[in-house]
Structure formats: C-alpha cells, structure tokens
>>> print(open('input.cif').read())   # mmCIF, N, CA and C atoms
data_target
#
loop_
_atom_site.label_atom_id
_atom_site.label_comp_id
_atom_site.auth_asym_id
_atom_site.auth_seq_id
_atom_site.Cartn_x
_atom_site.Cartn_y
_atom_site.Cartn_z
N MET Z 1 9.44 14.65 -9.91
CA MET Z 1 9.08 13.25 -9.82
C MET Z 1 9.37 12.58 -11.15
N THR Z 2 10.05 11.45 -11.09
CA THR Z 2 10.38 10.69 -12.28
C THR Z 2 9.30 9.66 -12.55
N PRO Z 3 8.81 9.60 -13.79
CA PRO Z 3 7.79 8.59 -14.08
C PRO Z 3 8.36 7.19 -13.91
N ILE Z 4 7.52 6.24 -13.58
CA ILE Z 4 7.96 4.86 -13.45
C ILE Z 4 8.23 4.33 -14.84
N SER Z 5 9.38 3.76 -15.02
CA SER Z 5 9.82 3.29 -16.32
C SER Z 5 9.64 1.79 -16.46
N CYS Z 6 9.27 1.34 -17.64
CA CYS Z 6 9.15 -0.10 -17.90
C CYS Z 6 10.51 -0.78 -17.84
N SER Z 7 11.59 -0.01 -17.98
CA SER Z 7 12.91 -0.62 -18.00
C SER Z 7 13.42 -0.96 -16.60
N ARG Z 8 12.74 -0.48 -15.56
CA ARG Z 8 13.14 -0.84 -14.20
C ARG Z 8 12.97 -2.33 -14.00
N LYS Z 9 13.95 -2.96 -13.37
CA LYS Z 9 13.86 -4.38 -13.10
C LYS Z 9 12.96 -4.66 -11.90
N GLU Z 10 12.92 -3.77 -10.96
CA GLU Z 10 12.13 -3.96 -9.76
C GLU Z 10 11.20 -2.78 -9.56
N PHE Z 11 10.07 -3.06 -9.00
CA PHE Z 11 9.12 -1.99 -8.67
C PHE Z 11 9.46 -1.49 -7.28
N LYS Z 12 10.09 -0.36 -7.22
CA LYS Z 12 10.44 0.27 -5.95
C LYS Z 12 10.02 1.74 -6.01
N PRO Z 13 8.72 1.97 -5.88
CA PRO Z 13 8.23 3.35 -6.02
C PRO Z 13 8.66 4.22 -4.86
N THR Z 14 8.89 5.48 -5.17
CA THR Z 14 9.17 6.46 -4.13
C THR Z 14 7.85 6.82 -3.46
N ASP Z 15 7.92 7.50 -2.33
CA ASP Z 15 6.70 7.95 -1.66
C ASP Z 15 5.88 8.85 -2.59
N ASP Z 16 6.55 9.75 -3.30
CA ASP Z 16 5.85 10.63 -4.24
C ASP Z 16 5.11 9.83 -5.30
N GLU Z 17 5.77 8.81 -5.86
CA GLU Z 17 5.13 8.00 -6.90
C GLU Z 17 3.91 7.26 -6.35
N LEU Z 18 4.03 6.69 -5.17
CA LEU Z 18 2.89 5.98 -4.58
C LEU Z 18 1.70 6.90 -4.39
N ILE Z 19 1.96 8.11 -3.91
CA ILE Z 19 0.86 9.04 -3.66
C ILE Z 19 0.34 9.67 -4.94
N GLN Z 20 1.23 10.24 -5.74
CA GLN Z 20 0.80 11.03 -6.89
C GLN Z 20 0.42 10.20 -8.12
N LEU Z 21 1.09 9.10 -8.38
CA LEU Z 21 0.78 8.31 -9.57
C LEU Z 21 -0.26 7.22 -9.31
N PHE Z 22 -0.28 6.72 -8.09
CA PHE Z 22 -1.16 5.60 -7.81
C PHE Z 22 -2.35 5.96 -6.96
N LEU Z 23 -2.14 6.37 -5.72
CA LEU Z 23 -3.25 6.65 -4.83
C LEU Z 23 -4.11 7.80 -5.34
N TYR Z 24 -3.49 8.90 -5.75
CA TYR Z 24 -4.25 10.04 -6.27
C TYR Z 24 -5.09 9.62 -7.48
N ASN Z 25 -4.46 8.92 -8.41
CA ASN Z 25 -5.18 8.49 -9.61
C ASN Z 25 -6.31 7.52 -9.27
N LYS Z 26 -6.07 6.60 -8.34
CA LYS Z 26 -7.09 5.63 -7.95
C LYS Z 26 -8.30 6.34 -7.33
N VAL Z 27 -8.05 7.25 -6.41
CA VAL Z 27 -9.13 7.98 -5.73
C VAL Z 27 -9.91 8.84 -6.70
N ASN Z 28 -9.25 9.40 -7.69
CA ASN Z 28 -9.90 10.31 -8.63
C ASN Z 28 -10.35 9.64 -9.93
N GLY Z 29 -10.32 8.31 -9.96
CA GLY Z 29 -10.82 7.58 -11.12
C GLY Z 29 -9.98 7.74 -12.37
N LYS Z 30 -8.72 8.08 -12.22
CA LYS Z 30 -7.82 8.24 -13.36
C LYS Z 30 -7.05 6.94 -13.59
N PRO Z 31 -6.57 6.71 -14.81
CA PRO Z 31 -5.86 5.46 -15.08
C PRO Z 31 -4.52 5.38 -14.33
N LEU Z 32 -4.18 4.18 -13.94
CA LEU Z 32 -2.89 3.93 -13.29
C LEU Z 32 -1.86 3.61 -14.35
N PRO Z 33 -0.57 3.78 -14.05
CA PRO Z 33 0.46 3.37 -15.01
C PRO Z 33 0.25 1.90 -15.38
N LYS Z 34 0.35 1.59 -16.67
CA LYS Z 34 0.03 0.25 -17.16
C LYS Z 34 1.11 -0.79 -16.86
N ASN Z 35 2.31 -0.35 -16.61
CA ASN Z 35 3.41 -1.29 -16.44
C ASN Z 35 3.59 -1.78 -15.01
N VAL Z 36 2.69 -1.40 -14.12
CA VAL Z 36 2.81 -1.78 -12.71
C VAL Z 36 1.48 -2.37 -12.26
N LYS Z 37 1.56 -3.45 -11.48
CA LYS Z 37 0.36 -4.12 -11.01
C LYS Z 37 0.18 -3.86 -9.52
N ILE Z 38 -0.88 -3.13 -9.18
CA ILE Z 38 -1.28 -2.97 -7.79
C ILE Z 38 -2.65 -3.63 -7.69
N LEU Z 39 -2.74 -4.62 -6.82
CA LEU Z 39 -3.94 -5.44 -6.72
C LEU Z 39 -4.99 -4.78 -5.84
N LYS Z 40 -6.26 -5.07 -6.12
CA LYS Z 40 -7.35 -4.62 -5.27
C LYS Z 40 -7.83 -5.85 -4.53
N TYR Z 41 -7.76 -5.81 -3.19
CA TYR Z 41 -8.11 -6.99 -2.40
C TYR Z 41 -8.47 -6.57 -0.98
N ASP Z 42 -9.46 -7.24 -0.40
CA ASP Z 42 -9.85 -6.97 0.98
C ASP Z 42 -8.90 -7.72 1.90
N LEU Z 43 -7.89 -7.05 2.40
CA LEU Z 43 -6.90 -7.67 3.27
C LEU Z 43 -7.46 -8.02 4.64
N TYR Z 44 -8.53 -7.37 5.04
CA TYR Z 44 -9.07 -7.54 6.39
C TYR Z 44 -10.17 -8.60 6.42
N GLY Z 45 -9.94 -9.73 5.79
CA GLY Z 45 -10.91 -10.81 5.76
C GLY Z 45 -10.46 -12.00 6.57
N GLU Z 46 -10.87 -13.17 6.12
CA GLU Z 46 -10.61 -14.41 6.83
C GLU Z 46 -9.23 -14.99 6.55
N LYS Z 47 -8.64 -14.67 5.40
CA LYS Z 47 -7.35 -15.26 5.04
C LYS Z 47 -6.22 -14.67 5.87
N ASN Z 48 -5.26 -15.52 6.19
CA ASN Z 48 -4.05 -15.09 6.88
C ASN Z 48 -3.09 -14.45 5.89
N SER Z 49 -2.16 -13.65 6.40
CA SER Z 49 -1.24 -12.93 5.52
C SER Z 49 -0.45 -13.87 4.62
N TRP Z 50 0.01 -15.01 5.12
CA TRP Z 50 0.78 -15.93 4.30
C TRP Z 50 -0.10 -16.59 3.24
N GLU Z 51 -1.39 -16.76 3.52
CA GLU Z 51 -2.30 -17.31 2.52
C GLU Z 51 -2.53 -16.30 1.39
N ILE Z 52 -2.62 -15.04 1.74
CA ILE Z 52 -2.76 -13.98 0.73
C ILE Z 52 -1.50 -13.93 -0.12
N TRP Z 53 -0.34 -13.99 0.53
CA TRP Z 53 0.95 -13.98 -0.17
C TRP Z 53 1.01 -15.11 -1.19
N GLU Z 54 0.66 -16.31 -0.77
CA GLU Z 54 0.70 -17.47 -1.67
C GLU Z 54 -0.37 -17.40 -2.76
N ALA Z 55 -1.56 -16.89 -2.42
CA ALA Z 55 -2.65 -16.80 -3.39
C ALA Z 55 -2.28 -15.91 -4.58
N PHE Z 56 -1.44 -14.92 -4.34
CA PHE Z 56 -1.03 -14.00 -5.40
C PHE Z 56 0.37 -14.31 -5.93
N GLY Z 57 0.88 -15.51 -5.67
CA GLY Z 57 2.14 -15.93 -6.27
C GLY Z 57 3.36 -15.78 -5.40
N GLY Z 58 3.22 -15.21 -4.21
CA GLY Z 58 4.34 -15.10 -3.26
C GLY Z 58 5.60 -14.52 -3.89
N SER Z 59 6.72 -15.16 -3.64
CA SER Z 59 8.00 -14.63 -4.10
C SER Z 59 8.18 -14.75 -5.61
N ASN Z 60 7.30 -15.49 -6.29
CA ASN Z 60 7.38 -15.61 -7.75
C ASN Z 60 6.61 -14.49 -8.46
N ALA Z 61 5.83 -13.75 -7.72
CA ALA Z 61 4.97 -12.72 -8.31
C ALA Z 61 5.72 -11.41 -8.51
N TYR Z 62 5.48 -10.80 -9.63
CA TYR Z 62 5.93 -9.43 -9.90
C TYR Z 62 7.42 -9.22 -9.60
N GLY Z 63 8.25 -10.16 -10.01
CA GLY Z 63 9.69 -10.01 -9.85
C GLY Z 63 10.17 -10.30 -8.44
N GLY Z 64 9.33 -10.84 -7.59
CA GLY Z 64 9.74 -11.21 -6.24
C GLY Z 64 10.02 -10.03 -5.33
N THR Z 65 9.57 -8.84 -5.70
CA THR Z 65 9.88 -7.65 -4.90
C THR Z 65 8.82 -7.33 -3.87
N GLY Z 66 7.72 -8.06 -3.85
CA GLY Z 66 6.66 -7.79 -2.91
C GLY Z 66 5.36 -7.54 -3.64
N LEU Z 67 4.30 -7.47 -2.88
CA LEU Z 67 2.98 -7.24 -3.44
C LEU Z 67 2.45 -5.91 -2.92
N TYR Z 68 1.77 -5.18 -3.77
CA TYR Z 68 1.15 -3.93 -3.40
C TYR Z 68 -0.35 -4.07 -3.60
N PHE Z 69 -1.13 -3.57 -2.61
CA PHE Z 69 -2.58 -3.70 -2.65
C PHE Z 69 -3.25 -2.36 -2.40
N PHE Z 70 -4.42 -2.19 -3.04
CA PHE Z 70 -5.39 -1.18 -2.63
C PHE Z 70 -6.39 -1.95 -1.79
N THR Z 71 -6.66 -1.49 -0.60
CA THR Z 71 -7.67 -2.12 0.25
C THR Z 71 -8.45 -1.04 0.96
N THR Z 72 -9.65 -1.35 1.35
CA THR Z 72 -10.48 -0.38 2.06
C THR Z 72 -10.19 -0.47 3.55
N LEU Z 73 -9.89 0.65 4.14
CA LEU Z 73 -9.64 0.71 5.57
C LEU Z 73 -10.96 0.53 6.29
N LYS Z 74 -10.96 -0.31 7.30
CA LYS Z 74 -12.16 -0.54 8.09
C LYS Z 74 -11.90 -0.07 9.51
N LYS Z 75 -12.95 0.36 10.17
CA LYS Z 75 -12.82 0.84 11.55
C LYS Z 75 -13.33 -0.22 12.51
N THR Z 76 -12.74 -0.25 13.72
CA THR Z 76 -13.16 -1.23 14.72
C THR Z 76 -14.61 -1.01 15.14
N PHE Z 77 -15.02 0.24 15.25
CA PHE Z 77 -16.40 0.59 15.58
C PHE Z 77 -16.85 1.67 14.61
N SER Z 78 -18.10 1.67 14.25
CA SER Z 78 -18.60 2.65 13.28
C SER Z 78 -18.43 4.08 13.77
N THR Z 79 -18.42 4.28 15.09
CA THR Z 79 -18.27 5.63 15.63
C THR Z 79 -16.82 5.95 16.01
N GLY Z 80 -15.95 4.99 15.92
CA GLY Z 80 -14.57 5.18 16.34
C GLY Z 80 -13.65 5.62 15.21
N THR Z 81 -12.40 5.88 15.56
CA THR Z 81 -11.41 6.28 14.57
C THR Z 81 -10.29 5.24 14.42
N ARG Z 82 -10.25 4.28 15.31
CA ARG Z 82 -9.20 3.27 15.28
C ARG Z 82 -9.47 2.26 14.17
N PRO Z 83 -8.47 2.02 13.31
CA PRO Z 83 -8.68 1.08 12.20
C PRO Z 83 -8.54 -0.38 12.64
N VAL Z 84 -9.20 -1.27 11.90
CA VAL Z 84 -9.03 -2.71 12.08
C VAL Z 84 -7.64 -3.07 11.57
N ARG Z 85 -6.92 -3.86 12.32
CA ARG Z 85 -5.60 -4.31 11.88
C ARG Z 85 -5.50 -5.83 11.90
N THR Z 86 -6.66 -6.51 11.93
CA THR Z 86 -6.67 -7.96 11.98
C THR Z 86 -6.75 -8.52 10.57
N ILE Z 87 -5.86 -9.46 10.30
CA ILE Z 87 -5.85 -10.17 9.02
C ILE Z 87 -5.79 -11.65 9.36
N GLY Z 88 -6.88 -12.36 9.11
CA GLY Z 88 -6.94 -13.77 9.49
C GLY Z 88 -6.80 -13.91 10.99
N CYS Z 89 -5.85 -14.73 11.42
CA CYS Z 89 -5.65 -14.95 12.86
C CYS Z 89 -4.53 -14.08 13.42
N SER Z 90 -4.02 -13.16 12.62
CA SER Z 90 -2.95 -12.28 13.09
C SER Z 90 -3.35 -10.83 12.93
N SER Z 91 -2.45 -9.94 13.30
CA SER Z 91 -2.76 -8.52 13.15
C SER Z 91 -1.50 -7.72 12.87
N TRP Z 92 -1.70 -6.53 12.31
CA TRP Z 92 -0.60 -5.59 12.08
C TRP Z 92 -0.41 -4.78 13.35
N GLU Z 93 0.81 -4.47 13.65
CA GLU Z 93 1.11 -3.62 14.79
C GLU Z 93 2.07 -2.54 14.35
N ALA Z 94 1.74 -1.30 14.63
CA ALA Z 94 2.59 -0.19 14.23
C ALA Z 94 3.90 -0.23 15.00
N GLU Z 95 5.01 -0.01 14.30
CA GLU Z 95 6.32 0.00 14.94
C GLU Z 95 6.65 1.37 15.54
N TYR Z 96 6.07 2.42 15.01
CA TYR Z 96 6.29 3.77 15.50
C TYR Z 96 5.12 4.65 15.08
N LYS Z 97 5.07 5.86 15.60
CA LYS Z 97 3.93 6.75 15.36
C LYS Z 97 3.73 7.10 13.90
N GLY Z 98 4.75 7.24 13.17
CA GLY Z 98 4.64 7.61 11.77
C GLY Z 98 5.62 8.70 11.41
N GLU Z 99 5.85 8.82 10.13
CA GLU Z 99 6.81 9.78 9.61
C GLU Z 99 6.13 10.60 8.52
N LYS Z 100 6.21 11.91 8.62
CA LYS Z 100 5.60 12.77 7.61
C LYS Z 100 6.41 12.67 6.32
N VAL Z 101 5.68 12.61 5.20
CA VAL Z 101 6.30 12.62 3.89
C VAL Z 101 5.87 13.90 3.20
N MET Z 102 6.84 14.69 2.81
CA MET Z 102 6.56 15.99 2.19
C MET Z 102 6.53 15.87 0.67
N ALA Z 103 5.72 16.68 0.04
CA ALA Z 103 5.67 16.72 -1.42
C ALA Z 103 7.04 17.13 -1.94
N ASN Z 104 7.39 16.57 -3.07
CA ASN Z 104 8.70 16.82 -3.66
C ASN Z 104 8.94 18.32 -3.86
N GLY Z 105 9.97 18.84 -3.20
CA GLY Z 105 10.34 20.24 -3.35
C GLY Z 105 9.49 21.22 -2.57
N SER Z 106 8.69 20.75 -1.61
CA SER Z 106 7.88 21.69 -0.83
C SER Z 106 7.83 21.22 0.62
N MET Z 107 7.17 22.00 1.44
CA MET Z 107 7.01 21.65 2.85
C MET Z 107 5.59 21.17 3.14
N GLN Z 108 4.85 20.76 2.10
CA GLN Z 108 3.49 20.30 2.26
C GLN Z 108 3.48 18.80 2.56
N CYS Z 109 2.86 18.42 3.68
CA CYS Z 109 2.76 17.01 4.07
C CYS Z 109 1.70 16.34 3.19
N ILE Z 110 2.08 15.27 2.46
CA ILE Z 110 1.14 14.58 1.60
C ILE Z 110 0.74 13.21 2.16
N GLU Z 111 1.44 12.74 3.16
CA GLU Z 111 1.07 11.48 3.79
C GLU Z 111 1.83 11.31 5.09
N ILE Z 112 1.39 10.39 5.88
CA ILE Z 112 2.14 9.95 7.04
C ILE Z 112 2.39 8.47 6.85
N ARG Z 113 3.65 8.10 6.75
CA ARG Z 113 4.02 6.72 6.49
C ARG Z 113 4.22 5.99 7.81
N LYS Z 114 3.58 4.82 7.91
CA LYS Z 114 3.73 4.00 9.09
C LYS Z 114 4.19 2.62 8.66
N ARG Z 115 5.08 2.08 9.40
CA ARG Z 115 5.54 0.73 9.13
C ARG Z 115 4.77 -0.21 10.05
N LEU Z 116 4.09 -1.20 9.45
CA LEU Z 116 3.29 -2.13 10.23
C LEU Z 116 3.90 -3.51 10.16
#
>>> encode(input="input.cif", output="structure tokens")
Amino acid sequence: MTPISCSRKEFKPTDDELIQLFLYNKVNGKPLPKNVKILKYDLYGEKNSWEIWEAFGGSNAYGGTGLYFFTTLKKTFSTGTRPVRTIGCSSWEAEYKGEKVMANGSMQCIEIRKRL
C-alpha cells in the first residue's frame, strides 16, 4: 500500500487506503493522515443530498473531486438489520449486491463495496 502523498492533485484513495488508513484509524482512535479531509456528518438527517453538497462547498471543495464523510449507519428498526438509506426527501438505492475487496496481496476480504 502506498501512503497518500501531499503531492497528489486529487484525492483518489484506493480501497486499501480507505480501509487501512482511514476507517481502521478512525475506529481505533488513531490519527488520520493530515493532508486529507474526511468530514464527520450525519448524512441521514433532514437535509437533502444537494443541500449537503452545497453546505460543504460542492464542486469548489477539496479540489472538486467529491466529498468523503464518516457517518453513523442507522437501522430502520432497532431489531432489524436493514440500514436507513433516506437522506432528506430522497434515498440511496444499491445498484448491485456488492463486490468483495481483498486485502492487498492476500485472499482476505476486508470490505464489501456497494455503489449507491
């Protein structure tokens, strides 16, 4: 895995970088790389997706490459397993079941990536 470099013009993390440098560090209370901004925000609130986009600078933010967030997953029912996918007056819909992402150089599944 290559560390994220400050010399990169765009933030385009690999799956390994997202999991090992960001998510793992966030969950374990370790510092995140200082040259990258991942926002903490409750996406499942009252604001619509375009309002969130504009509130954080939209296409002018972070080199115009997109916004990355840490958010808490919420469940539709406290006893259920299905996550809430409603954001404002719209919702996320999965395009496919998901794709396993393996750890770099091994056959160990470290995440399942879904496009919403």
>>> residues_around(input="input.cif", residues="Thr86 in chain Z", least_positions_apart="6", cutoff="6.5 Å", atoms="all atoms listed in the file", output="list in words")
Leu43, Tyr44, Gly45 and Trp92 of chain Z
>>> atom_distance(input="input.cif", atom1="atom N of Glu17 in chain Z", atom2="atom N of Leu73 in chain Z")
20.3 Å
>>> atom_distance(input="input.cif", atom1="atom N of Lys34 in chain Z", atom2="CA of Lys74 in chain Z")
27.8 Å
>>> closest_residue(input="input.cif", among="Z:Ile87, Z:Leu39, Z:Leu32, Z:Val101", to="Asp15 in chain Z", atoms="only N, CA and C atoms")
Z:Val101
>>> select_by_dssp(input="input.cif", residues="range 9-115 of chain Z", states="alpha helix (DSSP H)", output="PyMOL selection string")
chain Z and resi 15-17+24-27+49-55
>>> closest_residue(input="input.cif", among="Z:Val84, Z:Leu23, Z:Met107, Z:Ala55", to="Tyr41 in chain Z", atoms="only C-alpha atoms")
Z:Ala55
>>> residues_around(input="input.cif", residues="Ile52 in chain Z", least_positions_apart="5", cutoff="10 Å", atoms="only C-alpha atoms", output="ChimeraX atom specification")
/Z:41-43,46-47,57-58,67,87-88
>>> residues_around(input="input.cif", residues="Pro31 in chain Z", least_positions_apart="5", cutoff="7 Å", atoms="all atoms listed in the file", output="list in words")
Leu21, Asn25 and Lys26 of chain Z
>>> atom_distance(input="input.cif", atom1="CA of Lys100 in chain Z", atom2="atom N of Lys114 in chain Z")
8.2 Å
